[in-house]
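Asker: Just one file: my_file_8.cif, with mmCIF, C-alpha atoms and all ligand atoms.
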```cif
data_entry
loop_
_atom_site.label_atom_id
_atom_site.label_comp_id
_atom_site.auth_asym_id
_atom_site.auth_seq_id
_atom_site.Cartn_x
_atom_site.Cartn_y
_atom_site.Cartn_z
CA MET A 1 49.80 166.10 73.11
CA LYS A 2 47.90 163.77 75.36
CA GLY A 3 49.79 160.77 74.06
CA PHE A 4 53.04 162.64 74.57
CA LYS A 5 52.23 163.30 78.28
CA PHE A 6 51.31 159.66 78.71
CA LEU A 7 54.75 158.67 77.48
CA TYR A 8 56.29 161.02 80.05
CA VAL A 9 54.36 159.27 82.80
CA ILE A 10 55.48 155.86 81.59
CA TRP A 11 59.09 157.02 81.53
CA ALA A 12 58.78 158.62 84.95
CA VAL A 13 57.32 155.46 86.48
CA ALA A 14 59.99 153.29 84.85
CA LEU A 15 62.74 155.59 86.09
CA LEU A 16 61.35 155.71 89.61
CA THR A 17 61.03 151.94 89.69
CA LEU A 18 64.64 151.59 88.62
CA VAL A 19 65.83 154.08 91.21
CA ALA A 20 63.79 152.32 93.88
CA LEU A 21 65.20 148.94 92.88
CA VAL A 22 68.74 150.20 92.93
CA PHE A 23 68.15 152.01 96.20
CA PHE A 24 66.67 149.02 97.95
CA ARG A 25 69.24 146.67 96.57
CA PHE A 26 72.09 148.81 97.85
CA ASN A 27 70.35 149.24 101.11
CA GLU A 28 70.07 145.51 101.68
CA ASP A 29 71.16 145.29 105.24
CA LYS A 30 73.31 142.19 105.06
CA VAL A 31 76.95 141.56 105.70
CA ALA A 32 78.69 140.21 102.65
CA ALA A 33 78.81 136.47 103.05
CA ILE A 34 81.97 134.43 103.10
CA ASN A 35 81.51 130.81 102.29
CA LEU A 36 83.91 128.39 103.82
CA GLU A 37 83.25 124.70 103.96
CA THR A 38 84.64 122.69 106.81
CA THR A 39 85.83 119.16 106.25
CA SER A 40 86.63 117.06 109.28
CA LYS A 41 86.36 117.63 112.98
CA GLU A 42 87.97 114.72 114.70
CA PHE A 43 89.47 116.38 117.69
CA GLY A 44 88.13 118.90 120.16
CA ALA A 45 84.80 120.66 120.46
CA LEU A 46 84.42 123.86 118.45
CA ASP A 47 83.88 127.22 119.98
CA ASP A 48 82.21 129.65 117.58
CA SER A 49 81.79 133.33 118.29
CA THR A 50 80.55 136.37 116.41
CA ILE A 51 81.76 139.87 117.11
CA GLU A 52 80.02 142.78 115.38
CA GLU A 53 81.60 146.19 115.46
CA ASP A 54 81.07 149.44 113.54
CA ALA A 55 83.63 148.64 110.90
CA TYR A 56 83.90 144.86 110.90
CA VAL A 57 82.41 141.48 111.71
CA ILE A 58 84.37 138.54 113.07
CA TYR A 59 83.25 134.93 112.87
CA ALA A 60 85.96 133.22 114.81
CA GLN A 61 86.18 129.50 115.33
CA LYS A 62 88.37 128.13 118.08
CA LEU A 63 88.67 124.91 120.05
CA GLN A 64 87.40 124.35 123.55
CA GLY A 65 89.51 123.03 126.37
CA GLU A 66 93.07 123.25 127.56
CA SER A 67 94.77 120.69 125.31
CA ILE A 68 97.93 121.59 123.43
CA VAL A 69 95.79 121.46 120.29
CA ALA A 70 93.29 124.01 121.64
CA LYS A 71 96.06 126.23 122.99
CA THR A 72 98.01 126.28 119.74
CA VAL A 73 94.96 126.83 117.54
CA ASN A 74 93.44 129.49 119.78
CA GLU A 75 96.69 131.37 120.13
CA TYR A 76 97.02 131.45 116.36
CA VAL A 77 93.39 132.50 115.80
CA ASN A 78 93.63 135.19 118.49
CA GLY A 79 96.71 136.56 116.79
CA LYS A 80 94.97 136.69 113.43
CA VAL A 81 91.88 138.30 114.99
CA ASN A 82 93.97 140.98 116.71
CA GLU A 83 95.81 141.73 113.49
CA PHE A 84 92.44 142.07 111.75
CA LYS A 85 91.06 144.36 114.47
CA ASP A 86 94.16 146.57 114.29
CA SER A 87 93.89 146.92 110.53
CA ASN A 88 90.30 148.16 110.91
CA LYS A 89 90.87 150.65 113.69
CA GLY A 90 89.52 154.16 113.20
CA LYS A 91 87.40 153.30 110.18
CA GLY A 92 84.26 154.67 111.87
CA GLU A 93 80.78 153.28 111.28
CA LEU A 94 80.40 151.44 108.01
CA LYS A 95 77.36 150.11 106.22
CA ASN A 96 77.11 146.40 106.71
CA LYS A 97 77.97 145.59 103.12
CA ASP A 98 81.15 147.67 103.41
CA LYS A 99 82.31 146.14 106.64
CA ALA A 100 85.42 144.08 106.77
CA VAL A 101 84.80 140.40 107.50
CA PHE A 102 86.95 137.83 109.24
CA LYS A 103 86.05 134.18 109.21
CA ASN A 104 88.06 131.12 110.05
CA VAL A 105 87.42 127.40 110.26
CA VAL A 106 89.39 124.81 112.15
CA ASP A 107 89.77 121.32 110.74
CA THR A 108 91.32 118.73 112.96
CA TYR A 109 92.54 115.38 111.82
CA LYS A 110 93.51 112.54 114.10
CA VAL A 111 96.66 110.97 112.69
CA ASN A 112 96.93 108.51 115.56
CA ASP A 113 96.35 108.53 119.31
CA ASN A 114 99.31 110.86 119.83
CA ILE A 115 99.30 113.08 116.80
CA ILE A 116 96.66 115.56 115.77
CA GLY A 117 96.90 117.45 112.50
CA VAL A 118 95.16 120.80 112.38
CA ARG A 119 94.43 123.13 109.53
CA VAL A 120 93.16 126.63 110.15
CA THR A 121 91.70 128.32 107.07
CA THR A 122 91.14 132.05 107.34
CA MET A 123 89.19 134.26 104.95
CA ILE A 124 89.50 138.00 105.19
CA LYS A 125 87.44 140.56 103.26
CA LYS A 126 88.77 144.08 103.64
CA ALA A 127 86.47 147.05 104.23
CA TYR A 128 84.78 148.34 101.02
CA GLU A 129 86.20 145.46 99.03
CA ASP A 130 84.44 142.43 97.58
CA THR A 131 87.33 140.06 97.19
CA GLN A 132 88.41 137.70 99.91
CA ASN A 133 91.86 136.58 100.82
CA LYS A 134 92.40 133.02 102.00
CA THR A 135 95.29 131.75 104.10
CA VAL A 136 95.94 128.26 105.36
CA LYS A 137 97.99 127.43 108.42
CA ALA A 138 98.74 123.89 109.47
CA PHE A 139 99.95 122.46 112.74
CA ASN A 140 100.92 118.98 113.82
CA LEU A 141 100.72 118.41 117.51
CA ASP A 142 101.95 115.64 119.73
CA VAL A 143 99.35 115.47 122.49
CA ASN A 144 101.44 113.06 124.52
CA ALA A 145 104.66 115.06 124.47
CA ASN A 146 102.56 118.22 124.59
CA LYS A 147 104.39 119.95 121.80
CA GLU A 148 104.14 121.11 118.25
CA ILE A 149 105.91 118.82 115.80
CA SER A 150 108.16 120.74 113.45
CA LEU A 151 108.67 119.72 109.86
CA GLU A 152 112.16 118.64 110.87
CA ASP A 153 110.72 116.41 113.62
CA MET A 154 108.37 114.71 111.19
CA PHE A 155 111.20 113.09 109.35
CA LYS A 156 112.63 111.50 112.47
CA SER A 157 111.91 107.90 113.26
CA GLU A 158 109.78 108.88 116.24
CA TYR A 159 107.16 110.32 113.92
CA LYS A 160 107.90 108.14 110.93
CA ASP A 161 104.77 106.03 111.39
CA SER A 162 102.62 109.05 110.92
CA LEU A 163 104.69 110.72 108.26
CA LYS A 164 102.16 110.01 105.55
CA ASP A 165 99.36 111.66 107.45
CA VAL A 166 100.70 115.04 108.37
CA TYR A 167 99.69 118.54 107.51
CA THR A 168 101.97 121.36 106.46
CA ASP A 169 100.99 124.78 105.20
CA THR A 170 101.35 123.73 101.59
CA TYR A 171 100.78 120.01 101.50
CA VAL A 172 99.29 117.12 103.43
CA LEU A 173 101.12 113.82 103.45
CA LYS A 174 98.58 111.01 103.63
CA LYS A 175 98.78 107.24 103.51
CA THR A 176 98.05 107.04 99.83
CA GLY A 177 99.46 110.28 98.48
CA VAL A 178 99.92 113.98 98.88
CA ASP A 179 97.40 116.79 98.84
CA PHE A 180 98.89 120.05 97.62
CA ILE A 181 97.17 123.12 98.94
CA LYS A 182 97.08 126.17 96.78
CA GLU A 183 95.49 129.44 97.69
CA ASP A 184 92.13 128.71 96.19
CA TYR A 185 92.13 124.99 95.57
CA THR A 186 93.65 121.72 96.62
CA VAL A 187 95.24 119.12 94.38
CA ASN A 188 94.13 115.88 95.94
CA ASN A 189 95.99 112.69 96.43
CA VAL A 190 98.94 112.79 94.08
CA GLU A 191 100.25 109.27 94.54
CA TYR A 192 103.73 108.81 95.92
CA ASN A 193 104.94 106.86 92.93
CA ALA A 194 103.74 109.58 90.57
CA LEU A 195 105.37 112.14 92.78
CA LYS A 196 108.71 110.40 92.61
CA GLU A 197 108.66 110.47 88.84
CA TYR A 198 108.31 114.21 88.79
CA ASN A 199 111.25 116.36 89.52
CA LYS A 200 110.92 119.21 91.88
CA SER A 201 110.87 122.01 89.36
CA LYS A 202 108.06 120.29 87.45
CA ILE A 203 105.94 120.09 90.56
CA LEU A 204 106.75 123.62 91.54
CA THR A 205 105.90 125.02 88.15
CA ALA A 206 102.75 123.00 87.79
CA MET A 207 101.38 123.69 91.20
CA ASN A 208 103.11 126.84 92.26
CA PHE A 209 103.63 125.43 95.69
CA LYS A 210 106.34 126.54 98.03
CA ILE A 211 108.68 124.15 99.77
CA SER A 212 112.33 124.51 100.56
CA ASP A 213 114.88 122.33 98.76
CA ASP A 214 115.74 120.70 102.02
CA ASP A 215 112.16 119.84 102.94
CA TYR A 216 111.52 118.51 99.47
CA THR A 217 114.54 116.23 99.55
CA LYS A 218 113.51 114.92 102.93
CA MET A 219 109.92 114.43 101.84
CA ILE A 220 110.92 112.45 98.78
CA SER A 221 113.71 110.43 100.40
CA LYS A 222 111.46 109.34 103.27
CA ILE A 223 108.86 107.88 100.97
CA ILE A 224 109.49 104.16 100.81
CA ASP A 225 108.17 102.30 97.81
CA PRO A 226 107.09 98.85 99.03
CA ASN A 227 107.44 97.45 95.50
CA LYS A 228 111.08 98.40 95.17
CA LYS A 229 114.07 96.54 96.60
CA MET A 230 115.23 97.59 100.05
CA VAL A 231 118.02 96.76 102.43
CA ALA A 232 118.97 97.69 106.01
CA ILE A 233 122.60 98.42 106.87
CA THR A 234 123.42 98.11 110.55
CA PHE A 235 126.42 99.41 112.48
CA ASP A 236 127.46 97.91 115.82
CA ASP A 237 129.59 98.95 118.81
CA GLY A 238 129.55 102.75 118.38
CA PRO A 239 129.26 105.61 118.68
CA HIS A 240 132.92 106.16 117.81
CA LYS A 241 134.37 109.60 118.37
CA VAL A 242 135.64 110.00 114.77
CA ASN A 243 134.34 107.27 112.47
CA THR A 244 130.61 107.34 113.21
CA GLU A 245 130.02 110.87 111.94
CA GLN A 246 131.91 110.10 108.75
CA ILE A 247 129.66 107.12 108.12
CA VAL A 248 126.56 109.22 108.79
CA ASP A 249 127.80 111.79 106.25
CA ILE A 250 128.26 109.09 103.62
CA LEU A 251 124.72 107.78 104.18
CA ASP A 252 123.44 111.33 103.95
CA LYS A 253 125.23 111.92 100.68
CA TYR A 254 123.30 109.07 99.05
CA GLY A 255 119.96 109.79 100.71
CA ALA A 256 120.41 106.57 102.69
CA ARG A 257 120.04 105.84 106.38
CA GLY A 258 121.17 103.11 108.73
CA THR A 259 120.53 101.52 112.09
CA PHE A 260 123.17 102.04 114.76
CA PHE A 261 123.24 99.45 117.55
CA GLU A 262 125.10 101.41 120.18
CA LEU A 263 126.79 100.57 123.45
CA GLY A 264 125.42 102.47 126.44
CA GLN A 265 128.92 103.23 127.72
CA ASN A 266 129.83 104.86 124.39
CA VAL A 267 126.62 106.89 124.25
CA LYS A 268 127.60 108.17 127.69
CA LEU A 269 131.03 109.17 126.36
CA TYR A 270 129.83 110.69 123.07
CA PRO A 271 126.21 111.84 123.42
CA ASP A 272 126.67 114.47 120.71
CA ILE A 273 127.60 111.79 118.22
CA THR A 274 124.51 109.76 119.06
CA LYS A 275 122.49 112.91 118.54
CA TYR A 276 124.23 113.45 115.21
CA VAL A 277 123.30 109.93 114.13
CA TYR A 278 119.68 110.45 115.08
CA ASP A 279 119.36 113.98 113.73
CA HIS A 280 120.40 112.75 110.30
CA GLY A 281 117.44 110.41 110.07
CA ASN A 282 119.11 107.22 111.27
CA GLU A 283 117.74 104.77 113.80
CA VAL A 284 119.51 104.43 117.14
CA ALA A 285 119.12 101.02 118.77
CA ILE A 286 120.47 99.00 121.69
CA HIS A 287 123.56 96.77 121.56
CA SER A 288 124.10 96.50 125.35
CA TRP A 289 125.91 98.62 127.93
CA ASP A 290 129.43 97.16 127.66
CA HIS A 291 129.29 94.25 125.26
CA PRO A 292 128.96 91.13 127.42
CA ASN A 293 127.78 87.82 126.01
CA LEU A 294 124.17 87.98 127.19
CA SER A 295 123.68 84.21 126.87
CA SER A 296 126.50 83.60 129.33
CA LEU A 297 125.38 86.43 131.57
CA SER A 298 121.82 85.03 131.69
CA LYS A 299 123.15 81.90 133.39
CA THR A 300 124.22 83.93 136.41
CA SER A 301 121.64 86.71 136.44
CA ILE A 302 118.63 87.62 134.32
CA ASP A 303 118.55 90.95 136.15
CA ALA A 304 122.04 91.71 134.89
CA VAL A 305 120.86 91.02 131.34
CA ARG A 306 117.88 93.27 131.85
CA LYS A 307 120.09 96.01 133.28
CA GLN A 308 122.34 95.92 130.20
CA ILE A 309 119.31 96.68 128.05
CA THR A 310 117.39 99.13 130.24
CA ASP A 311 120.47 101.21 131.13
CA THR A 312 121.30 101.53 127.43
CA SER A 313 117.70 102.31 126.54
CA ASP A 314 117.64 104.98 129.26
CA ILE A 315 120.80 106.75 128.13
CA ILE A 316 119.68 106.72 124.50
CA TYR A 317 116.34 108.14 125.59
CA GLU A 318 118.09 110.84 127.64
CA THR A 319 120.27 111.70 124.66
CA ILE A 320 117.81 111.81 121.76
CA GLY A 321 114.42 111.87 123.50
CA VAL A 322 113.23 108.70 121.80
CA ARG A 323 113.03 105.14 123.14
CA PRO A 324 114.95 102.69 120.98
CA LYS A 325 112.81 99.80 119.72
CA LEU A 326 115.38 97.18 118.78
CA VAL A 327 118.11 95.15 120.46
CA ARG A 328 121.05 93.39 118.92
CA PRO A 329 122.74 91.17 121.50
CA PRO A 330 126.58 91.24 121.28
CA TYR A 331 127.95 88.35 119.16
CA GLY A 332 124.33 87.65 118.20
CA ALA A 333 124.24 85.50 121.32
CA TYR A 334 120.84 84.95 122.92
CA ASN A 335 118.75 82.19 124.47
CA SER A 336 115.22 81.96 125.82
CA THR A 337 116.23 83.60 129.12
CA VAL A 338 117.76 86.56 127.28
CA LYS A 339 114.61 86.84 125.14
CA SER A 340 112.40 86.93 128.20
CA ALA A 341 114.47 89.65 129.89
CA PHE A 342 113.11 92.48 127.72
CA SER A 343 110.29 93.20 125.30
CA GLU A 344 112.17 94.79 122.39
CA SER A 345 112.61 92.78 119.20
CA ILE A 346 115.96 91.10 118.64
CA ILE A 347 117.61 92.00 115.35
CA LEU A 348 120.34 89.76 113.99
CA TRP A 349 121.66 89.82 110.42
CA ASN A 350 121.90 87.63 107.34
CA ILE A 351 124.89 89.28 105.64
CA ASP A 352 128.06 89.42 107.73
CA SER A 353 130.63 91.74 106.18
CA LEU A 354 133.35 90.43 108.51
CA ASP A 355 134.70 94.00 108.52
CA TRP A 356 136.09 93.55 112.04
CA LYS A 357 138.19 90.65 110.81
CA SER A 358 139.45 91.61 107.36
CA ARG A 359 139.72 95.38 107.95
CA ASP A 360 139.94 95.56 104.16
CA GLU A 361 137.41 97.25 101.90
CA ASN A 362 138.40 95.00 99.00
CA GLN A 363 137.16 92.03 100.99
CA ILE A 364 134.21 93.71 102.69
CA VAL A 365 132.56 95.12 99.56
CA PRO A 366 132.36 91.90 97.47
CA LEU A 367 131.30 89.90 100.53
CA VAL A 368 128.25 92.13 100.81
CA MET A 369 127.53 92.96 97.19
CA ASN A 370 127.87 89.43 95.81
CA SER A 371 125.04 88.13 97.95
CA VAL A 372 122.79 91.10 98.67
CA GLN A 373 119.06 90.68 98.05
CA ASP A 374 115.86 92.54 98.79
CA GLY A 375 115.13 92.51 102.53
CA ASP A 376 118.65 91.78 103.76
CA ILE A 377 120.13 93.02 107.01
CA ILE A 378 123.85 93.78 106.65
CA LEU A 379 126.25 93.78 109.60
CA LEU A 380 129.05 96.37 109.78
CA HIS A 381 130.87 98.18 112.59
CA ASP A 382 131.24 101.94 112.76
CA ILE A 383 134.21 101.72 115.13
CA HIS A 384 136.69 100.61 112.44
CA ALA A 385 138.21 103.27 110.16
CA THR A 386 138.65 100.65 107.44
CA THR A 387 134.87 100.21 107.32
CA ILE A 388 134.33 103.82 106.16
CA PRO A 389 135.51 103.47 102.53
CA ALA A 390 133.67 100.14 102.32
CA VAL A 391 130.43 101.84 103.38
CA GLU A 392 130.90 104.46 100.67
CA ARG A 393 131.28 101.81 97.97
CA ILE A 394 128.45 99.61 99.27
CA VAL A 395 125.94 102.43 99.57
CA LYS A 396 126.88 103.87 96.19
CA GLN A 397 126.47 100.49 94.51
CA LEU A 398 123.22 99.69 96.29
CA THR A 399 121.79 103.03 95.20
CA GLU A 400 122.89 102.42 91.62
CA GLU A 401 121.20 99.02 91.76
CA ASP A 402 117.97 100.78 92.83
CA TYR A 403 117.94 99.60 96.42
CA GLN A 404 116.29 101.77 99.04
CA VAL A 405 118.76 101.89 101.93
CA ILE A 406 116.56 102.34 105.00
CA THR A 407 116.44 101.54 108.71
CA VAL A 408 115.59 98.14 110.13
CA SER A 409 112.35 99.39 111.68
CA GLU A 410 111.29 101.00 108.43
CA MET A 411 112.05 97.89 106.42
CA LEU A 412 110.28 95.48 108.76
CA GLU A 413 107.26 97.74 108.87
CA VAL A 414 107.07 98.16 105.10
CA LYS A 415 107.46 94.38 104.74
CA GLY A 416 104.44 94.00 107.01
CA TYR A 417 105.91 92.48 110.15
CA ASP A 418 104.24 92.90 113.47
CA MET A 419 107.21 94.02 115.57
CA ALA A 420 105.43 93.25 118.82
CA ASN A 421 104.81 89.61 118.04
CA THR A 422 107.73 88.50 115.91
CA ARG A 423 110.63 88.68 118.29
CA VAL A 424 113.77 87.64 116.40
CA PHE A 425 114.65 88.86 112.92
CA PHE A 426 117.51 87.78 110.68
CA SER A 427 116.24 89.67 107.66
CA GLY A 428 113.16 91.30 106.17
CA ARG A 429 112.12 88.17 104.32
CA GLN A 430 111.79 85.37 106.81
ZN ZN A 501 129.22 94.21 118.95
#
```
Write the structure described by the file as structure tokens, please.

Answerer:
Amino acid sequence: MKGFKFLYVIWAVALLTLVALVFFRFNEDKVAAINLETTSKEFGALDDSTIEEDAYVIYAQKLQGESIVAKTVNEYVNGKVNEFKDSNKGKGELKNKDKAVFKNVVDTYKVNDNIIGVRVTTMIKKAYEDTQNKTVKAFNLDVNANKEISLEDMFKSEYKDSLKDVYTDTYVLKKTGVDFIKEDYTVNNVEYNALKEYNKSKILTAMNFKISDDDYTKMISKIIDPNKKMVAITFDDGPHKVNTEQIVDILDKYGARGTFFELGQNVKLYPDITKYVYDHGNEVAIHSWDHPNLSSLSKTSIDAVRKQITDTSDIIYETIGVRPKLVRPPYGAYNSTVKSAFSESIILWNIDSLDWKSRDENQIVPLVMNSVQDGDIILLHDIHATTIPAVERIVKQLTEEDYQVITVSEMLEVKGYDMANTRVFFSGRQ
């Protein structure tokens, strides 16, 4: 009997210990932790705050200051915080472990002096639940222009330089490759060449990442492979009220783009067409205001030469919001005085299609295609209707021959030229 009672005591003690353990464990007065690692903080001081309420805890991270970056990030975080507060209204007093938790981190990334990439990662744990939900929001901000850069903007020449270093909600374009962001992990640095070999559905299936067809096409077509052949087609004397848009549409159809050296007086007449050219990923550059021979003009007045360029630059800037970087003097005529009148690079050509003279696609096409090589700059004119079918055939053939048909600025940059110091270009291989 005695031994039997002893066993009871042992059991009772064991049971009590277990109950006590369970009790104390459940009573642990800690808020469930959310772990979130931060990566880089290259822009703006952080502003951390903790708000504890009956039903929730908020660890919010924002940016200090009044910059566009801080404003955009803080507005977004405030919105998320308010949403979170609303969803936890009327829940009464909860034990700490049951409380809902909000935590966000802000990662900023300096793309260049003007562009700041931001990623805001938010973790939310709902009341009574253990699992956390993660969302990622990315912004790209132009601190000079004081605006958010849309995905559409990123593919314009203005932002081209930084294209490979921008954040989106689902991927980050960097200099060496792309990071794909999934809900709970990131696929790092898929190289551009590897990316090009995949087709879209493969990537989508493998990584379950969301991007519209349009964005994908733009993303891929803007990636220039420095090891592949490339060529720059240039169009002078426009914009033309009918022909220019047709040429832009042809370039678009083949995922190509060109450089349009426009006359200021025509931009003034047809600003919408200049916008159309630019909005389709082409480069708009300066020809002059009304097509004088600048060499001759320089003998009477250097100011008149300068005015031809600055007036045209101004109207292009007014029309598309971007300063053109290149000048092609009419007739290719320049001298040292002309060169000293402005600071933009002078772009000539090494393949003359003579389209203005022959007005015949059967002469224009072989003239270009029989001599074209990697790095060439081809001269055409978008004011002649007879040039349109020639452009279609040239671009089609170039694409079939694996040429990347890109803008002059893109080509010279990929080829490694310092645009500020090399002033006159005939091609991308001089
Ligand atoms: Zn011209």

Asker: For ligand ZN 501 (chain A), collect every residue having any atom at a distance of at most 12 Å from a ligand atom (counting only C-alpha atoms and all ligand atoms); output as a CSV table (one decimal) with C-alpha atoms, in the coordinates of the input.

Answerer:
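Dumped to selection-v6.csv:
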```csv
chain,number,residue,atom,x,y,z
A,234,THR,CA,123.4,98.1,110.6
A,235,PHE,CA,126.4,99.4,112.5
A,236,ASP,CA,127.5,97.9,115.8
A,237,ASP,CA,129.6,99.0,118.8
A,238,GLY,CA,129.6,102.8,118.4
A,239,PRO,CA,129.3,105.6,118.7
A,260,PHE,CA,123.2,102.0,114.8
A,261,PHE,CA,123.2,99.4,117.6
A,262,GLU,CA,125.1,101.4,120.2
A,263,LEU,CA,126.8,100.6,123.4
A,264,GLY,CA,125.4,102.5,126.4
A,266,ASN,CA,129.8,104.9,124.4
A,286,ILE,CA,120.5,99.0,121.7
A,287,HIS,CA,123.6,96.8,121.6
A,288,SER,CA,124.1,96.5,125.4
A,289,TRP,CA,125.9,98.6,127.9
A,290,ASP,CA,129.4,97.2,127.7
A,291,HIS,CA,129.3,94.2,125.3
A,292,PRO,CA,129.0,91.1,127.4
A,293,ASN,CA,127.8,87.8,126.0
A,294,LEU,CA,124.2,88.0,127.2
A,327,VAL,CA,118.1,95.2,120.5
A,328,ARG,CA,121.0,93.4,118.9
A,329,PRO,CA,122.7,91.2,121.5
A,330,PRO,CA,126.6,91.2,121.3
A,331,TYR,CA,128.0,88.4,119.2
A,332,GLY,CA,124.3,87.6,118.2
A,333,ALA,CA,124.2,85.5,121.3
A,348,LEU,CA,120.3,89.8,114.0
A,354,LEU,CA,133.4,90.4,108.5
A,355,ASP,CA,134.7,94.0,108.5
A,356,TRP,CA,136.1,93.6,112.0
A,379,LEU,CA,126.2,93.8,109.6
A,380,LEU,CA,129.0,96.4,109.8
A,381,HIS,CA,130.9,98.2,112.6
A,382,ASP,CA,131.2,101.9,112.8
A,383,ILE,CA,134.2,101.7,115.1
A,384,HIS,CA,136.7,100.6,112.4
```

Asker: Would you pick out the contacts of Val414 of chain A at 12 Å or less, using all atoms listed in the file, so that residues sharing its chain but fewer than 6 positions from it are not included, and give the list as a VMD selection string?

Answerer: chain A and resid 160 to 161 223 to 232 375 404 406 to 408 428 to 429

Asker: Nearest to Leu141 of chain A: which of A:Lys95, A:Lys125, A:His240, A:Lys71 is it, counting only C-alpha atoms?

Answerer: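 Closest to Leu141 of chain A of all the choices is A:Lys71.
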
Asker: Taking (90.4, 125.6, 119.3) in the file's coordinates as the center, which residues reach within 8 Å of it, counting all atoms listed in the file, put as JSON, numbers by chain?

Answerer: {"A": [44, 45, 46, 47, 61, 62, 63, 64, 65, 69, 70, 71, 72, 73, 74, 106]}

Asker: Find the residue from A:Met411, A:Ile315, A:Ile364, A:Ala60 that sits nearest to Asn104 of chain A; use only C-alpha atoms when measuring.

Answerer: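 Checking each of A:Met411, A:Ile315, A:Ile364, A:Ala60 against Asn104 of chain A, counting only C-alpha atoms, the winner is A:Ala60.
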
Asker: When you look at Lys80 of chain A with a cut-off of 12 Å (counting only C-alpha atoms), what residues show up, excluding the ones that are within fewer than 6 positions of it in the same chain? I need them as a PyMOL selection string.

Answerer: chain A and resi 58-62+73-74+86-87+102-104+120-124+135-137

Asker: One decimal, in Å: what's the spacing between atom CA of Phe426 of chain A and atom CA of Ile378 of chain A?

Answerer: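 So the answer is 9.6 Å.
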
Asker: To one decimal place in Å, what is the distance between atom CA of Lys339 of chain A and atom CA of Ile309 of chain A?

Answerer: 11.3 Å

Asker: Atom CA of Ala420 of chain A to atom CA of Ser295 of chain A: how many Å, to one decimal?

Answerer: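 Separation between atom CA of Ala420 of chain A and atom CA of Ser295 of chain A: 21.9 Å.
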
Asker: Here is a test: counting all atoms listed in the file, which residue of A:Ser336, A:Thr386, A:Asn78, A:Ser345 is nearest to Thr244 of chain A?

Answerer: A:Thr386

Asker: Which residue out of A:Phe425, A:Tyr276, A:Tyr317, A:Tyr56 has the minimum interatomic distance to Gly92 of chain A when all atoms listed in the file are used?

Answerer: A:Tyr56

Asker: Which polymer residues, protein or nucleic acid, are no farther than 9 Å from (116.9, 106.0, 109.3), counting only C-alpha atoms, as a compact mmCIF listing (two decimals) with C-alpha atoms, keeping the file's coordinate frame?

Answerer:
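What ended up in result_11.txt:
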```txt
# COMPACT_ATOMS: atom_id res chain seq x y z
CA LYS A 156 112.63 111.50 112.47
CA SER A 157 111.91 107.90 113.26
CA LYS A 222 111.46 109.34 103.27
CA ALA A 256 120.41 106.57 102.69
CA ARG A 257 120.04 105.84 106.38
CA GLY A 258 121.17 103.11 108.73
CA THR A 259 120.53 101.52 112.09
CA VAL A 277 123.30 109.93 114.13
CA TYR A 278 119.68 110.45 115.08
CA HIS A 280 120.40 112.75 110.30
CA GLY A 281 117.44 110.41 110.07
CA ASN A 282 119.11 107.22 111.27
CA GLU A 283 117.74 104.77 113.80
CA VAL A 284 119.51 104.43 117.14
CA VAL A 405 118.76 101.89 101.93
CA ILE A 406 116.56 102.34 105.00
CA THR A 407 116.44 101.54 108.71
CA VAL A 408 115.59 98.14 110.13
CA SER A 409 112.35 99.39 111.68
CA GLU A 410 111.29 101.00 108.43
```

Asker: When you count all atoms listed in the file, which of these residues is closest to Leu326 of chain A: A:Lys89, A:Val395, A:Asn362, A:Met419?

Answerer: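 When distances to Leu326 of chain A are compared using all atoms listed in the file, the smallest one comes from A:Met419.
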
Asker: Of the candidates A:Asp376, A:Glu392, A:Asp303, A:Glu245, which one gets nearest to Lys415 of chain A if we count only C-alpha atoms?

Answerer: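 Residue with the minimum atom-to-atom distance to Lys415 of chain A: A:Asp376.
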